[in-house]
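A.B. asks: final31.cif is reproduced in full below (mmCIF, C-alpha atoms).
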```
data_my_file
#
loop_
_atom_site.label_atom_id
_atom_site.label_comp_id
_atom_site.auth_asym_id
_atom_site.auth_seq_id
_atom_site.Cartn_x
_atom_site.Cartn_y
_atom_site.Cartn_z
CA MET A 29 0.00 0.00 0.00
CA PHE A 30 1.27 3.45 -0.96
CA ASN A 31 1.26 6.27 1.59
CA GLN A 32 0.98 9.44 -0.51
CA GLU A 33 1.95 11.79 2.32
CA LYS A 34 5.14 9.92 3.21
CA ARG A 35 5.71 8.54 -0.31
CA THR A 36 6.30 5.10 1.12
CA MET A 37 5.11 1.59 0.38
CA THR A 38 4.85 -1.13 2.98
CA THR A 39 5.02 -4.83 2.23
CA GLU A 40 5.18 -7.87 4.49
CA ARG A 41 8.87 -7.39 5.32
CA LEU A 42 9.86 -4.11 3.67
CA ILE A 43 9.35 -0.39 3.57
CA LEU A 44 10.06 1.32 0.27
CA ARG A 45 10.80 4.94 1.02
CA PRO A 46 12.51 7.95 -0.55
CA PHE A 47 16.29 7.99 -0.21
CA GLU A 48 17.89 10.48 2.16
CA LEU A 49 21.37 11.95 1.92
CA SER A 50 22.20 10.03 5.09
CA ASP A 51 21.85 6.85 2.97
CA ALA A 52 24.72 7.85 0.67
CA LYS A 53 27.48 6.02 2.55
CA ARG A 54 25.48 2.78 2.68
CA VAL A 55 24.52 3.09 -1.00
CA SER A 56 28.18 3.58 -1.88
CA ASP A 57 29.19 0.58 0.24
CA LEU A 58 26.56 -1.68 -1.36
CA CYS A 59 27.07 -0.50 -4.96
CA ASN A 60 30.85 -0.47 -4.89
CA ASN A 61 30.67 -4.16 -5.72
CA TYR A 62 31.83 -5.66 -8.99
CA ASN A 63 29.10 -8.33 -8.92
CA ILE A 64 26.38 -5.65 -8.81
CA TYR A 65 28.10 -3.53 -11.46
CA LYS A 66 28.40 -6.38 -13.94
CA SER A 67 24.67 -7.18 -13.76
CA THR A 68 23.30 -3.62 -14.05
CA LEU A 69 22.95 -1.36 -17.06
CA THR A 70 23.92 1.99 -15.58
CA LEU A 71 25.73 1.71 -12.24
CA PRO A 72 29.32 2.98 -12.41
CA TYR A 73 32.25 1.11 -10.89
CA PRO A 74 33.92 1.97 -8.68
CA TYR A 75 30.90 3.54 -7.00
CA THR A 76 31.99 6.46 -4.84
CA ILE A 77 30.09 8.30 -2.14
CA GLU A 78 29.99 11.28 -4.55
CA CYS A 79 28.13 9.06 -7.04
CA ALA A 80 25.62 8.17 -4.34
CA ILE A 81 25.10 11.78 -3.25
CA SER A 82 24.61 12.99 -6.83
CA TRP A 83 22.16 10.16 -7.53
CA ILE A 84 20.13 10.78 -4.35
CA GLU A 85 20.01 14.54 -4.94
CA ALA A 86 18.25 14.00 -8.30
CA HIS A 87 15.41 11.91 -6.85
CA GLU A 88 13.18 14.67 -5.46
CA GLU A 89 12.97 16.67 -8.68
CA ASN A 90 12.41 13.50 -10.72
CA PHE A 91 9.59 12.43 -8.39
CA ILE A 92 7.89 15.86 -8.35
CA ASN A 93 8.11 16.10 -12.15
CA ASN A 94 6.72 12.56 -12.59
CA MET A 95 9.80 11.49 -14.53
CA TYR A 96 11.19 8.74 -12.31
CA TYR A 97 10.27 7.27 -8.94
CA GLU A 98 13.16 5.92 -6.87
CA PHE A 99 12.76 4.09 -3.57
CA ALA A 100 15.11 2.71 -0.96
CA ILE A 101 14.37 -0.93 -0.14
CA THR A 102 14.58 -1.15 3.65
CA ASP A 103 13.80 -3.67 6.37
CA LYS A 104 10.42 -3.00 7.97
CA SER A 105 11.63 -3.57 11.53
CA THR A 106 15.31 -2.52 11.48
CA ASN A 107 15.26 0.12 8.68
CA GLU A 108 18.40 -1.51 7.24
CA LEU A 109 18.97 -0.52 3.62
CA TYR A 110 18.99 -3.54 1.28
CA GLY A 111 18.93 -1.87 -2.14
CA ALA A 112 16.93 0.31 -4.49
CA ILE A 113 14.05 0.07 -6.90
CA GLY A 114 12.97 2.63 -9.43
CA LEU A 115 10.30 3.17 -12.05
CA THR A 116 10.45 5.40 -15.11
CA ASN A 117 7.35 7.24 -16.27
CA ASN A 118 6.53 7.41 -19.96
CA GLN A 119 3.31 9.39 -19.73
CA THR A 120 2.64 9.35 -23.48
CA ASN A 121 2.51 5.56 -23.57
CA ARG A 122 1.35 5.09 -19.95
CA ASN A 123 4.17 2.70 -19.18
CA GLY A 124 7.46 2.54 -17.38
CA GLU A 125 10.50 0.42 -16.76
CA VAL A 126 11.27 -1.01 -13.36
CA GLY A 127 14.90 -1.41 -12.35
CA TYR A 128 16.43 -2.58 -9.10
CA TRP A 129 19.58 -3.62 -7.33
CA ILE A 130 20.05 -5.45 -4.05
CA GLY A 131 23.24 -5.52 -1.99
CA GLU A 132 25.00 -8.83 -2.58
CA GLU A 133 24.78 -9.87 1.07
CA TYR A 134 20.96 -9.83 0.72
CA TRP A 135 20.66 -11.82 -2.52
CA GLY A 136 18.39 -14.85 -2.54
CA LYS A 137 16.07 -13.64 0.23
CA GLY A 138 13.19 -12.49 -2.01
CA TYR A 139 13.60 -8.76 -1.33
CA ALA A 140 13.79 -7.80 -5.02
CA THR A 141 10.63 -9.77 -5.80
CA GLU A 142 8.73 -8.29 -2.86
CA ALA A 143 9.80 -4.75 -3.80
CA ALA A 144 9.08 -5.28 -7.51
CA LYS A 145 5.55 -6.52 -6.78
CA ALA A 146 4.96 -3.37 -4.71
CA ILE A 147 6.30 -1.04 -7.41
CA ILE A 148 4.15 -2.73 -10.07
CA ALA A 149 1.09 -2.25 -7.84
CA PHE A 150 2.12 1.41 -7.38
CA ALA A 151 2.45 1.84 -11.16
CA PHE A 152 -0.97 0.38 -11.84
CA SER A 153 -3.06 1.68 -8.92
CA GLU A 154 -1.42 5.04 -8.15
CA LYS A 155 0.03 6.09 -11.50
CA HIS A 156 -2.48 4.29 -13.75
CA TYR A 157 0.10 2.75 -16.08
CA HIS A 158 -1.07 0.41 -18.81
CA LYS A 159 2.18 -1.58 -18.74
CA VAL A 160 5.34 -2.11 -16.71
CA PHE A 161 8.43 -3.65 -18.27
CA ALA A 162 11.91 -4.68 -17.21
CA ARG A 163 15.10 -6.00 -18.79
CA HIS A 164 17.94 -8.19 -17.62
CA PHE A 165 21.22 -9.49 -18.96
CA ALA A 166 21.14 -13.12 -20.08
CA SER A 167 24.15 -13.57 -17.78
CA ASN A 168 21.94 -12.61 -14.80
CA PRO A 169 19.10 -15.18 -14.82
CA GLY A 170 18.27 -14.45 -11.17
CA SER A 171 16.86 -11.10 -12.22
CA GLY A 172 14.68 -12.86 -14.78
CA LYS A 173 13.31 -15.08 -12.01
CA VAL A 174 12.32 -11.95 -10.07
CA MET A 175 10.41 -10.69 -13.11
CA GLN A 176 8.66 -14.03 -13.58
CA LYS A 177 7.63 -14.18 -9.91
CA CYS A 178 6.03 -10.75 -10.36
CA GLY A 179 3.83 -12.04 -13.16
CA MET A 180 5.87 -10.56 -15.99
CA VAL A 181 6.17 -12.51 -19.22
CA GLU A 182 9.16 -12.68 -21.51
CA GLU A 183 8.54 -10.53 -24.57
CA GLY A 184 11.76 -10.95 -26.47
CA ILE A 185 15.52 -11.10 -26.54
CA PHE A 186 17.76 -8.42 -27.97
CA MET A 187 20.68 -10.53 -29.14
CA GLN A 188 24.17 -9.30 -28.19
CA HIS A 189 22.64 -5.92 -27.39
CA ILE A 190 24.92 -4.80 -24.55
CA TYR A 191 28.69 -4.55 -24.65
CA LYS A 192 30.08 -4.70 -21.14
CA GLU A 193 33.24 -6.14 -19.68
CA ASN A 194 34.73 -6.71 -23.15
CA LYS A 195 31.91 -8.98 -24.31
CA TYR A 196 28.41 -8.81 -25.73
CA ASP A 197 25.41 -9.96 -23.73
CA ASP A 198 21.79 -10.54 -24.67
CA LEU A 199 19.16 -8.31 -23.11
CA ILE A 200 15.93 -10.12 -22.22
CA HIS A 201 12.73 -8.07 -22.03
CA TYR A 202 9.77 -8.78 -19.76
CA GLY A 203 6.46 -7.00 -19.38
CA ILE A 204 3.14 -7.04 -17.56
CA ILE A 205 -0.11 -5.39 -18.64
CA ASN A 206 -2.49 -3.76 -16.17
CA SER A 207 -5.47 -6.11 -16.14
CA GLU A 208 -7.65 -3.38 -14.57
CA ASP A 209 -6.94 -0.96 -17.42
#
```
Please express the file's structure as structure tokens.

C.D. replies:
Amino acid sequence: MFNQEKRTMTTERLILRPFELSDAKRVSDLCNNYNIYKSTLTLPYPYTIECAISWIEAHEENFINNMYYEFAITDKSTNELYGAIGLTNNQTNRNGEVGYWIGEEYWGKGYATEAAKAIIAFAFSEKHYHKVFARHFASNPGSGKVMQKCGMVEEGIFMQHIYKENKYDDLIHYGIINSED
């Protein structure tokens, strides 16, 4: 459920909330990880605290202007930061792309799936999207499993579409249509 006033979403185990500048050190610590870098499209490596601050500072304006919604994935009881999830907003086509990263120490615990289900619900019920989509590298099948568990279906593969780490990788596209639309 989305709390408009606080701009938060609560799930069984998580709170998705806006990032704060005080999160920058933790974001830098989590993202300054080669295993996260190699499975994401846009994260730089190394990931400095300056990168984190710059990224966090852009969130408010993006949210207010309905361009991009970025949330910290945090533990409901301890407030520990596990990762991030974001959603683009293509108002013309009433769709958006969901993207996420989880700190490596938290992989395999279902946090990405739980957060992605919440952001899809936010997209459909709060923002009235017709469709949400996501992409993952073929070399990162775990991310594809997250998409499948959220009800997304594979829509296609862009063969050798991304050049990263001196090799080409396929980009696999998933999507889900708003059944209430």

A.B. asks: Tell me, as an MDAnalysis selection string, which residues lie within 7 Å of segment 150-157 of chain A, counting only C-alpha atoms; anything in the same chain fewer than 4 positions away does not count.

C.D. replies: chainID A and resid 30 122:123 146 206

A.B. asks: May I have the protein, DNA and RNA residues with an atom at most 10 Å from (11.6, 10.1, -11.7), counting all atoms listed in the file in the file's coordinates, returned as a list in words?

C.D. replies: Ala86, His87, Glu88, Glu89, Asn90, Phe91, Ile92, Asn93, Asn94, Met95, Tyr96, Tyr97, Glu98, Gly114, Leu115, Thr116 and Asn117 of chain A

A.B. asks: Produce a table with one row for each residue of segment 66-151 of chain A that has an atom at most 10 Å from any atom of segment 37-41 of chain A, each row naming the nearest atom pair and its distance in Å at one decimal; use only C-alpha atoms; arrange rows by chain and rising residue number; format as a tab-separated table.

C.D. replies:
```
residue	atom	partner	partner_atom	distance
A:Phe99	CA	A:Met37	CA	9.0
A:Ile101	CA	A:Met37	CA	9.6
A:Thr102	CA	A:Arg41	CA	8.6
A:Asp103	CA	A:Arg41	CA	6.3
A:Lys104	CA	A:Arg41	CA	5.4
A:Ser105	CA	A:Arg41	CA	7.8
A:Gly138	CA	A:Arg41	CA	9.9
A:Tyr139	CA	A:Arg41	CA	8.3
A:Glu142	CA	A:Thr39	CA	7.2
A:Ala143	CA	A:Thr39	CA	7.7
A:Lys145	CA	A:Thr39	CA	9.2
A:Ala146	CA	A:Thr39	CA	7.1
A:Ile147	CA	A:Met37	CA	8.3
A:Ala149	CA	A:Met37	CA	9.9
A:Phe150	CA	A:Met37	CA	8.3
```

A.B. asks: Those residues you just picked out, can you put them in a file as a PDB file, in the coordinates of the input with C-alpha atoms?

C.D. replies:
```pdb
ATOM      1  CA  PHE A  99      12.760   4.090  -3.570  1.00  0.00           C
ATOM      2  CA  ILE A 101      14.370  -0.930  -0.140  1.00  0.00           C
ATOM      3  CA  THR A 102      14.580  -1.150   3.650  1.00  0.00           C
ATOM      4  CA  ASP A 103      13.800  -3.670   6.370  1.00  0.00           C
ATOM      5  CA  LYS A 104      10.420  -3.000   7.970  1.00  0.00           C
ATOM      6  CA  SER A 105      11.630  -3.570  11.530  1.00  0.00           C
ATOM      7  CA  GLY A 138      13.190 -12.490  -2.010  1.00  0.00           C
ATOM      8  CA  TYR A 139      13.600  -8.760  -1.330  1.00  0.00           C
ATOM      9  CA  GLU A 142       8.730  -8.290  -2.860  1.00  0.00           C
ATOM     10  CA  ALA A 143       9.800  -4.750  -3.800  1.00  0.00           C
ATOM     11  CA  LYS A 145       5.550  -6.520  -6.780  1.00  0.00           C
ATOM     12  CA  ALA A 146       4.960  -3.370  -4.710  1.00  0.00           C
ATOM     13  CA  ILE A 147       6.300  -1.040  -7.410  1.00  0.00           C
ATOM     14  CA  ALA A 149       1.090  -2.250  -7.840  1.00  0.00           C
ATOM     15  CA  PHE A 150       2.120   1.410  -7.380  1.00  0.00           C
TER      16      PHE A 150
END
```

A.B. asks: If I take atom CA of Tyr191 of chain A and atom CA of Leu69 of chain A, how far is one from the other in Å, to one decimal?

C.D. replies: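 Here the two named atoms are 10.0 Å from each other.
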
A.B. asks: Contacts of Ile185 of chain A at 6 Å or less, counting all atoms listed in the file, minus same-chain residues fewer than 2 places along, as number ranges by chain?

C.D. replies: A: 187, 199-200

A.B. asks: Next, write the just-selected residues to a file, as a CSV table (one decimal), in the coordinates of the input, keeping C-alpha atoms as the atom set.

C.D. replies:
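Below you can see selection.csv, which holds the result:
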```csv
chain,number,residue,atom,x,y,z
A,187,MET,CA,20.7,-10.5,-29.1
A,199,LEU,CA,19.2,-8.3,-23.1
A,200,ILE,CA,15.9,-10.1,-22.2
```

A.B. asks: If the PyMOL selection byres ((chain A and resi 63-65) around 12) were run on this exact file, what residues would it hold? Put them as number ranges by chain.

C.D. replies: A: 55-62, 66-75, 111-112, 128-135, 165, 167-168, 171, 192-193

A.B. asks: By how many Å are atom CA of Glu33 of chain A and atom CA of Cys79 of chain A apart?

C.D. replies: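 So the answer is 27.9 Å.
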
A.B. asks: Just give me the gap between atom CA of Cys178 of chain A and atom CA of Gly203 of chain A in Å, one decimal is fine.

C.D. replies: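 Atom-to-atom, atom CA of Cys178 of chain A and atom CA of Gly203 of chain A are spaced 9.8 Å apart.
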
A.B. asks: Could you check the closest approach to Ala80 of chain A for each of A:Glu208, A:Glu108, A:Glu48, A:Glu183 and tell me which residue wins, using all atoms listed in the file?

C.D. replies: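 Among the listed residues, A:Glu48 lies closest to Ala80 of chain A.
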
A.B. asks: Given the file shown, enumerate the residues that the PyMOL selection byres ((chain A and resi 179) around 10) captures and present them as a compact mmCIF listing (two decimals) with C-alpha atoms, keeping the file's coordinate frame.

C.D. replies:
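Generated output (selection35.txt):
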```
# COMPACT_ATOMS: atom_id res chain seq x y z
CA LYS A 145 5.55 -6.52 -6.78
CA ILE A 148 4.15 -2.73 -10.07
CA VAL A 174 12.32 -11.95 -10.07
CA MET A 175 10.41 -10.69 -13.11
CA GLN A 176 8.66 -14.03 -13.58
CA LYS A 177 7.63 -14.18 -9.91
CA CYS A 178 6.03 -10.75 -10.36
CA MET A 180 5.87 -10.56 -15.99
CA VAL A 181 6.17 -12.51 -19.22
CA GLU A 182 9.16 -12.68 -21.51
CA TYR A 202 9.77 -8.78 -19.76
CA GLY A 203 6.46 -7.00 -19.38
CA ILE A 204 3.14 -7.04 -17.56
CA ILE A 205 -0.11 -5.39 -18.64
```

A.B. asks: Extract, using all atoms listed in the file, all DNA, RNA and protein residues at most 10 Å from Glu78 of chain A, discarding same-chain residues fewer than 6 positions from it, and format them as a list in words.

C.D. replies: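 These residues fall inside the cut-off: Ala52, Lys53, Ser56 and Ile84 of chain A.
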
A.B. asks: How big is the axis-aligned box, and where does its centre sit, when it encloses all atoms of segment 87-102 of chain A listed in the file and has 8 Å added on every side, reported in Å to one decimal as lines of an AutoDock Vina configuration file?

C.D. replies:
```
center_x = 11.1
center_y = 7.8
center_z = -5.4
size_x = 24.7
size_y = 33.8
size_z = 34.2
```

A.B. asks: Can you pull out every residue within 8 Å of Gln188 of chain A, counting all atoms listed in the file, but drop anything in the same chain fewer than 6 positions away, and send it as a list in words?

C.D. replies: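 Near neighbours after the sequence-gap exclusion: Tyr196, Asp197, Asp198 and Leu199 of chain A.
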
A.B. asks: Using all atoms listed in the file, which residue out of A:Ala144, A:Ala162, A:Ile43, A:Leu109 lies closest to Glu125 of chain A?

C.D. replies: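 Comparing A:Ala144, A:Ala162, A:Ile43, A:Leu109 against Glu125 of chain A, the winner is A:Ala162.
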